[in-house]
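Student: My structure is stored as model.txt, with compact mmCIF, C-alpha atoms.
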# COMPACT_ATOMS: atom_id res chain seq x y z
CA MET A 1 16.94 -28.20 -12.42
CA THR A 2 17.00 -30.68 -9.55
CA GLU A 3 14.41 -31.07 -6.86
CA SER A 4 16.65 -29.33 -4.31
CA GLU A 5 17.17 -26.31 -6.54
CA GLN A 6 13.50 -25.62 -6.84
CA PHE A 7 11.52 -23.82 -4.18
CA THR A 8 7.78 -23.74 -4.31
CA VAL A 9 6.06 -20.90 -2.51
CA PRO A 10 2.53 -22.00 -1.68
CA ARG A 11 -0.23 -19.51 -2.18
CA ALA A 12 -3.77 -20.30 -1.17
CA VAL A 13 -5.36 -18.34 -4.02
CA LEU A 14 -4.05 -16.92 -7.27
CA PHE A 15 -6.44 -15.13 -9.62
CA ARG A 16 -6.33 -14.53 -13.33
CA ALA A 17 -6.37 -10.95 -14.63
CA GLU A 18 -9.96 -11.35 -15.75
CA GLN A 19 -10.99 -12.52 -12.30
CA MET A 20 -9.13 -9.62 -10.71
CA LYS A 21 -11.26 -7.28 -12.83
CA GLN A 22 -14.40 -8.98 -11.51
CA ILE A 23 -13.11 -8.65 -7.95
CA ASP A 24 -12.40 -4.95 -8.49
CA ALA A 25 -15.94 -4.46 -9.79
CA CYS A 26 -17.35 -6.19 -6.67
CA LEU A 27 -15.29 -3.98 -4.39
CA ASP A 28 -16.27 -0.84 -6.34
CA GLU A 29 -19.92 -1.73 -5.74
CA LEU A 30 -19.29 -2.39 -2.05
CA GLU A 31 -17.53 0.94 -1.56
CA LYS A 32 -20.22 2.82 -3.45
CA ASN A 33 -22.98 1.33 -1.29
CA THR A 34 -21.39 1.55 2.12
CA ALA A 35 -18.92 4.46 2.17
CA VAL A 36 -16.25 2.29 3.79
CA THR A 37 -12.88 4.05 3.94
CA ASP A 38 -10.50 1.13 3.50
CA THR A 39 -10.86 -2.32 1.99
CA ILE A 40 -8.42 -5.22 2.11
CA LEU A 41 -8.90 -8.58 0.45
CA THR A 42 -6.45 -11.26 1.56
CA ASP A 43 -6.22 -14.97 1.25
CA ILE A 44 -6.47 -17.08 4.40
CA THR A 45 -2.70 -17.39 4.60
CA GLY A 46 -2.47 -13.62 5.10
CA GLN A 47 -1.27 -12.63 1.63
CA SER A 48 -2.72 -9.33 0.52
CA ILE A 49 -4.62 -9.54 -2.80
CA VAL A 50 -6.30 -6.14 -3.05
CA CYS A 51 -5.76 -3.10 -0.88
CA ARG A 52 -7.80 0.08 -1.27
CA GLY A 53 -7.99 3.28 0.68
CA LYS A 54 -5.36 5.31 2.46
CA ILE A 55 -3.35 2.38 3.79
CA ASP A 56 0.30 2.24 2.77
CA VAL A 57 1.10 -0.89 0.74
CA ARG A 58 3.62 -2.14 3.33
CA ASP A 59 1.16 -1.56 6.14
CA ALA A 60 -1.44 -3.44 4.13
CA GLU A 61 0.86 -6.47 3.94
CA ALA A 62 1.27 -6.41 7.71
CA LEU A 63 -2.43 -5.81 8.25
CA ALA A 64 -3.33 -8.70 5.95
CA ALA A 65 -1.21 -11.05 8.04
CA LEU A 66 -2.73 -9.69 11.26
CA ILE A 67 -6.28 -10.13 9.97
CA ALA A 68 -5.60 -13.71 8.93
CA GLY A 69 -4.01 -14.31 12.33
CA SER A 70 -7.02 -12.79 14.03
CA HIS A 71 -9.38 -15.14 12.18
CA ALA A 72 -7.16 -18.10 13.03
CA ALA A 73 -7.09 -17.02 16.70
CA SER A 74 -10.88 -16.67 16.78
CA ALA A 75 -11.26 -20.15 15.29
CA GLU A 76 -9.00 -21.39 18.07
CA PHE A 77 -11.10 -19.59 20.73
CA GLY A 78 -14.10 -21.45 19.40
CA ARG A 79 -12.26 -24.74 19.40
CA VAL A 80 -11.14 -24.25 23.02
CA LEU A 81 -14.76 -23.52 23.95
CA GLY A 82 -15.81 -26.71 22.21
CA LYS A 83 -17.56 -24.95 19.33
CA THR A 84 -17.34 -26.61 15.97
CA ALA A 85 -19.05 -23.98 13.80
CA PRO A 86 -16.53 -21.96 11.78
CA VAL A 87 -15.94 -18.26 12.52
CA VAL A 88 -17.40 -16.22 9.68
CA ASN A 89 -17.46 -12.56 10.72
CA LEU A 90 -15.26 -10.51 13.04
CA ALA A 91 -15.88 -6.92 14.11
CA HIS A 92 -13.29 -4.80 15.90
CA GLU A 93 -15.15 -1.82 17.29
CA ALA A 94 -13.15 1.23 18.31
CA VAL A 95 -14.51 4.57 19.50
CA THR A 96 -14.28 6.28 16.13
CA TYR A 97 -14.06 3.42 13.65
CA THR A 98 -14.85 -0.25 13.12
CA ILE A 99 -13.04 -2.97 11.21
CA TYR A 100 -15.35 -5.69 9.96
CA SER A 101 -13.98 -8.79 8.30
CA THR A 102 -15.55 -11.87 6.89
CA ASN A 103 -14.44 -15.26 5.62
CA VAL A 104 -15.19 -15.86 1.94
CA ALA A 105 -15.57 -19.50 0.94
CA ASP A 106 -12.75 -20.55 3.30
CA ALA A 107 -10.30 -19.09 0.81
CA LEU A 108 -10.34 -15.30 1.28
CA ILE A 109 -10.88 -12.74 4.01
CA LEU A 110 -12.61 -9.50 3.10
CA SER A 111 -12.02 -6.67 5.58
CA VAL A 112 -13.38 -3.14 5.58
CA ALA A 113 -12.82 -0.18 7.86
CA PHE A 114 -15.42 2.52 8.34
CA GLY A 115 -16.16 5.51 10.53
CA LYS A 116 -18.69 5.76 13.32
CA ASP A 117 -21.25 7.41 11.05
CA VAL A 118 -21.56 4.28 8.93
CA LYS A 119 -24.05 1.74 10.29
CA LEU A 120 -22.79 -1.78 10.92
CA GLY A 121 -26.03 -3.26 9.58
CA MET A 122 -25.53 -1.54 6.25
CA VAL A 123 -21.94 -2.78 5.99
CA ARG A 124 -23.01 -6.28 6.92
CA VAL A 125 -25.73 -6.43 4.26
CA PHE A 126 -23.46 -5.28 1.45
CA VAL A 127 -20.41 -7.25 2.61
CA GLU A 128 -22.61 -10.36 2.51
CA GLN A 129 -23.70 -9.45 -1.01
CA THR A 130 -20.05 -8.97 -2.04
CA CYS A 131 -19.13 -12.30 -0.41
CA GLN A 132 -21.65 -14.11 -2.57
CA ARG A 133 -20.08 -12.67 -5.72
CA LEU A 134 -16.54 -13.38 -4.51
CA THR A 135 -17.55 -16.95 -3.66
CA GLU A 136 -18.71 -17.42 -7.25
CA ILE A 137 -15.31 -16.21 -8.46
CA VAL A 138 -13.47 -18.52 -6.03
CA ASN A 139 -15.64 -21.47 -7.11
CA GLU A 140 -14.90 -20.67 -10.73
CA LEU A 141 -11.19 -20.71 -9.90
CA ARG A 142 -11.56 -24.01 -8.04
CA SER A 143 -13.33 -25.62 -10.97
CA ALA A 144 -10.63 -24.47 -13.41
CA PRO A 145 -7.41 -23.97 -11.44
CA LEU A 146 -4.40 -22.27 -12.91
CA ASP A 147 -1.70 -24.47 -14.36
CA ASP A 148 0.46 -25.58 -11.43
CA GLU A 149 3.58 -24.41 -13.26
CA GLN A 150 2.29 -20.84 -13.12
CA VAL A 151 2.11 -20.76 -9.34
CA LYS A 152 5.56 -22.11 -8.71
CA LEU A 153 8.30 -19.64 -8.05
CA ARG A 154 11.49 -21.19 -9.27
CA ILE A 155 14.77 -19.90 -8.06
CA VAL A 156 17.91 -21.46 -9.46
CA ASP A 157 21.35 -20.97 -7.91
CA LYS A 158 22.42 -18.51 -10.56
CA ASP A 159 19.31 -16.39 -10.15
CA PHE A 160 19.71 -16.42 -6.41
CA ASP A 161 23.36 -15.32 -6.65
CA ASN A 162 22.41 -12.49 -8.97
CA PHE A 163 19.62 -11.41 -6.67
CA LEU A 164 21.89 -11.40 -3.63
CA GLU A 165 24.63 -9.48 -5.42
CA LYS A 166 22.19 -6.85 -6.58
CA GLU A 167 20.62 -6.41 -3.14
CA PHE A 168 24.04 -6.35 -1.45
CA ALA A 169 25.29 -3.69 -3.86
CA GLU A 170 22.16 -1.66 -3.15
CA ILE A 171 22.51 -1.66 0.64
CA THR A 172 26.28 -1.10 0.64
CA LYS A 173 26.09 1.76 -1.85
CA PRO A 174 27.63 4.90 -0.27
CA ARG A 175 24.97 7.41 0.65
CA LYS A 176 25.25 10.98 -0.58
CA MET B 1 -24.69 10.40 -5.42
CA GLY B 2 -24.09 9.29 -1.81
CA SER B 3 -23.87 5.84 -0.28
CA THR B 4 -26.98 3.70 0.17
CA GLN B 5 -27.06 4.67 3.85
CA GLU B 6 -27.01 8.36 2.98
CA ARG B 7 -29.82 7.94 0.48
CA LEU B 8 -31.89 5.98 3.02
CA GLU B 9 -31.29 8.73 5.57
CA GLU B 10 -32.50 11.31 3.06
CA ILE B 11 -35.71 9.30 2.63
CA LEU B 12 -36.20 9.09 6.42
CA TYR B 13 -35.40 12.79 6.84
CA ALA B 14 -38.03 13.75 4.25
CA MET B 15 -40.62 11.56 5.99
CA ASN B 16 -39.81 13.05 9.41
CA ARG B 17 -40.15 16.55 8.05
CA GLU B 18 -43.47 15.86 6.35
CA GLY B 19 -44.96 13.92 9.29
CA ASN B 20 -43.34 16.03 11.98
CA PHE B 21 -41.91 12.78 13.40
CA GLU B 22 -39.35 12.98 16.16
CA ALA B 23 -37.12 10.21 14.79
CA ALA B 24 -37.12 7.34 12.33
CA MET B 25 -34.90 4.34 11.96
CA LEU B 26 -34.40 1.47 9.58
CA SER B 27 -32.87 -1.73 10.96
CA MET B 28 -32.39 -5.42 10.26
CA LYS B 29 -34.60 -7.92 12.05
CA ASP B 30 -31.58 -9.00 14.15
CA GLY B 31 -31.21 -5.46 15.50
CA LEU B 32 -28.42 -4.05 13.35
CA PRO B 33 -29.18 -0.46 12.38
CA LEU B 34 -29.08 0.48 8.69
CA ALA B 35 -30.01 4.16 8.73
CA SER B 36 -31.55 6.71 11.04
CA SER B 37 -32.76 10.28 11.05
CA PRO B 38 -31.60 12.34 12.88
CA ALA B 39 -28.29 10.73 11.96
CA HIS B 40 -26.98 10.64 15.53
CA TYR B 41 -30.16 9.26 17.04
CA GLU B 42 -29.41 6.46 19.54
CA ASP B 43 -30.25 3.82 17.01
CA ASP B 44 -28.18 0.96 18.49
CA MET B 45 -30.32 0.86 21.61
CA ALA B 46 -33.56 1.54 19.74
CA ALA B 47 -32.90 -1.19 17.17
CA ALA B 48 -32.10 -3.69 19.92
CA MET B 49 -35.30 -2.82 21.82
CA VAL B 50 -37.46 -3.03 18.70
CA THR B 51 -35.96 -6.43 17.91
CA LEU B 52 -36.81 -7.58 21.42
CA LEU B 53 -40.35 -6.35 20.86
CA ASN B 54 -40.47 -8.26 17.60
CA GLU B 55 -39.39 -11.49 19.29
CA THR B 56 -42.09 -11.05 21.94
CA VAL B 57 -44.77 -10.44 19.31
CA LYS B 58 -43.66 -13.52 17.37
CA ARG B 59 -43.99 -15.63 20.52
CA ILE B 60 -47.47 -14.24 21.17
CA ASN B 61 -48.47 -14.97 17.58
CA HIS B 62 -47.15 -18.49 17.89
CA GLN B 63 -48.91 -19.17 21.19
CA LEU B 64 -52.21 -17.76 19.95
CA ASN B 65 -51.94 -19.29 16.46
CA LEU B 66 -52.03 -15.90 14.79
CA SER B 67 -50.38 -15.01 11.49
CA GLN B 68 -46.58 -15.24 11.61
CA GLN B 69 -46.17 -12.23 9.35
CA VAL B 70 -46.44 -9.07 11.44
CA ASP B 71 -47.25 -5.88 9.57
CA GLU B 72 -47.11 -3.35 12.36
CA ILE B 73 -46.65 -2.93 16.07
CA SER B 74 -47.66 0.33 17.76
CA ILE B 75 -47.13 1.47 21.32
CA VAL B 76 -49.18 4.51 22.32
CA GLY B 77 -48.32 6.50 25.42
CA ASP B 78 -50.81 8.34 27.62
CA ASP B 79 -49.78 11.53 25.86
CA ARG B 80 -50.92 9.88 22.55
CA ALA B 81 -47.36 9.87 21.20
CA ARG B 82 -46.76 6.66 19.27
CA LEU B 83 -43.89 4.29 18.55
CA VAL B 84 -44.61 2.54 15.26
CA CYS B 85 -42.71 -0.49 13.96
CA ARG B 86 -43.42 -1.53 10.39
CA TYR B 87 -42.10 -4.84 9.07
CA PHE B 88 -41.26 -5.59 5.46
CA VAL B 89 -39.00 -7.76 3.33
CA VAL B 90 -36.69 -6.45 0.62
CA ASP B 91 -34.54 -8.71 -1.51
CA GLY B 92 -34.79 -11.47 1.10
CA ASN B 93 -33.83 -9.15 3.98
CA GLU B 94 -36.36 -8.65 6.79
CA LEU B 95 -36.32 -4.97 7.69
CA LEU B 96 -37.98 -2.85 10.36
CA LEU B 97 -38.99 0.76 9.96
CA THR B 98 -39.44 2.44 13.34
CA VAL B 99 -40.99 5.86 13.73
CA LEU B 100 -41.63 8.09 16.77
CA ALA B 101 -44.80 9.97 15.86
CA PRO B 102 -46.24 12.92 17.80
CA PRO B 103 -49.75 12.71 19.36
CA ASP B 104 -52.60 12.12 16.90
CA GLN B 105 -50.34 12.30 13.85
CA SER B 106 -51.24 9.98 10.95
CA TYR B 107 -48.36 7.81 9.82
CA ARG B 108 -49.57 4.94 7.58
CA ARG B 109 -49.40 6.82 4.27
CA LEU B 110 -45.95 8.22 4.99
CA THR B 111 -44.50 4.94 6.21
CA ASN B 112 -46.01 3.09 3.21
CA LYS B 113 -44.31 5.58 0.93
CA VAL B 114 -40.97 5.11 2.68
CA ILE B 115 -41.26 1.31 2.43
CA LYS B 116 -41.84 1.64 -1.32
CA ASP B 117 -38.90 4.04 -1.65
CA VAL B 118 -36.63 1.67 0.26
CA GLU B 119 -37.71 -1.25 -1.94
CA ARG B 120 -36.96 0.81 -5.04
CA LEU B 121 -33.55 1.88 -3.74
CA TRP B 122 -32.60 -1.61 -2.58
CA SER B 123 -33.50 -3.41 -5.78
CA PRO B 124 -30.49 -3.94 -8.06
As a first step, turn the structure in this file into structure tokens.
Tutor:
Amino acid sequence: MTESEQFTVPRAVLFRAEQMKQIDACLDELEKNTAVTDTILTDITGQSIVCRGKIDVRDAEALAALIAGSHAASAEFGRVLGKTAPVVNLAHEAVTYTIYSTNVADALILSVAFGKDVKLGMVRVFVEQTCQRLTEIVNELRSAPLDDEQVKLRIVDKDFDNFLEKEFAEITKPRK
Amino acid sequence: MGSTQERLEEILYAMNREGNFEAAMLSMKDGLPLASSPAHYEDDMAAAMVTLLNETVKRINHQLNLSQQVDEISIVGDDRARLVCRYFVVDGNELLLTVLAPPDQSYRRLTNKVIKDVERLWSP
């Protein structure tokens, strides 16, 4: 395969199955303590890693990108105002719900949504606790990264043709 | 078993009932509310005001070279009703327990008990 035939899709973070189990356990604990209704863990590029709650998977993908964009925009606000300290937490407060999101080790963004009966202080305490655990997992990943070959998505011409043919056949299939 | 907030609110509710307190609230030292009883008590405003009070007391302590660790602040009205703020640390978090007690009602024993209950609940 030549250089031009290979496409590499960059991903900021990619976890092993064992690490995903640890992340799930962290999020279980967070949900148990705070009664948050929805939880989304994304990487800073806006790729959804874990989505829990009543959000549709497609909506979660869009939401993940919006959250990452929101953090990036806030960082830019700070920069325009001449602030150098990084943005860590964001809270979107609506009348009946709040979305609180936090930066984890400059690699992930943990976001939770909760109703007006849940106190922000309580969410903040336990999100911080969860962040510490997630940071340990991220640091573990950084100290022993996955083999680079595993994170490359390789698409050769033949594969791409097959993929296109299959998708084309699917969308042109006569509807009943 | 409910969330931590629900369990804290149960503890506060039991204290209010036993002490005939009007309201009770648990908050962070920076003014973020953690739990309150009654549940819909205006805790955002109360927590912010209590935090302001805390800052003032810390300044007074500093200026007068008193102990930096405050145990309690009480404000007593002319009707003898009392606003009590108790300070304590759990798992590295500085917390405030605020109680609105009716005139001439004792509160130390009940608030001590709640502080112990919160410490027990908070510990992993």
Student: My list of candidates is A:Phe15, A:Leu110, A:Thr172, A:Tyr100. Which is closest to Met122 in chain A when distances are computed with only C-alpha atoms?
Tutor: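 Under the stated criterion, the closest residue is A:Tyr100.
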Student: Considering only C-alpha atoms, can you say which of B:Leu110, B:Ala23, B:Met28, B:Leu96 comes closest to chain A?
Tutor: B:Met28
Student: Tell me, in Å to one decimal, how far CA of Ala105 in chain A is from CA of Asp117 in chain A.
Tutor: 29.3 Å
Student: Compute the chain A side of the contact with chain B at 6 Å, counting only C-alpha atoms, and hand it back as a list in words.
Tutor: Lys32, Asn33, Thr34, Ala35, Lys119, Gly121 and Met122 of chain A
Student: Considering all atoms listed in the file, state which residue in the set B:His62, B:Asn112, B:Arg80, B:Cys85 is at the smallest distance from Met49 in chain B.
Tutor: B:Cys85
Student: Applying 10 Å and all atoms listed in the file, which residues near Gln105 in chain B remain after dropping the ones on its own chain fewer than 4 positions away? List them as a list in words.
Tutor: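 In the requested format, the answer is Gly19, Asn20, Phe21, Arg80, Ala81, Arg82 and Ala101 of chain B.
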Student: Any idea what the distance is between CA of Leu14 in chain A and CA of Leu90 in chain A?
Tutor: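 Straight-line distance from CA of Leu14 in chain A to CA of Leu90 in chain A works out to 24.1 Å.
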Student: Would you list the contacts of Glu93 in chain A as a list of chain:residue names, taking every protein, DNA or RNA residue within 12 Å and counting only C-alpha atoms, but skipping same-chain residues closer than 3 positions in sequence?
Tutor: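 In the requested form, the answer reads A:Leu90, A:Thr96, A:Tyr97, A:Thr98, A:Ile99, A:Tyr100, A:Ser101, A:Val112, A:Ala113, A:Phe114, A:Gly115, A:Lys116, A:Lys119, A:Leu120.
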Student: Please produce a file of the residues just selected, as a PDB file, keeping the file's coordinate frame, where the atoms kept are C-alpha atoms.
Tutor:
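again.pdb written:
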ATOM      1  CA  LEU A  90     -15.260 -10.510  13.040  1.00  0.00           C
ATOM      2  CA  THR A  96     -14.280   6.280  16.130  1.00  0.00           C
ATOM      3  CA  TYR A  97     -14.060   3.420  13.650  1.00  0.00           C
ATOM      4  CA  THR A  98     -14.850  -0.250  13.120  1.00  0.00           C
ATOM      5  CA  ILE A  99     -13.040  -2.970  11.210  1.00  0.00           C
ATOM      6  CA  TYR A 100     -15.350  -5.690   9.960  1.00  0.00           C
ATOM      7  CA  SER A 101     -13.980  -8.790   8.300  1.00  0.00           C
ATOM      8  CA  VAL A 112     -13.380  -3.140   5.580  1.00  0.00           C
ATOM      9  CA  ALA A 113     -12.820  -0.180   7.860  1.00  0.00           C
ATOM     10  CA  PHE A 114     -15.420   2.520   8.340  1.00  0.00           C
ATOM     11  CA  GLY A 115     -16.160   5.510  10.530  1.00  0.00           C
ATOM     12  CA  LYS A 116     -18.690   5.760  13.320  1.00  0.00           C
ATOM     13  CA  LYS A 119     -24.050   1.740  10.290  1.00  0.00           C
ATOM     14  CA  LEU A 120     -22.790  -1.780  10.920  1.00  0.00           C
TER      15      LEU A 120
END
Student: As a ChimeraX atom specification, please: the residues near Glu136 in chain A (cut-off 12 Å, only C-alpha atoms, same-chain neighbours under 5 positions excluded).
Tutor: /A:19,22-23,26,104-105,107,129-131,141-143
Student: In Å, with one decimal, what is the gap from CA of Gln68 in chain B to CA of Ala85 in chain A?
Tutor: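 Straight-line distance from CA of Gln68 in chain B to CA of Ala85 in chain A works out to 29.0 Å.
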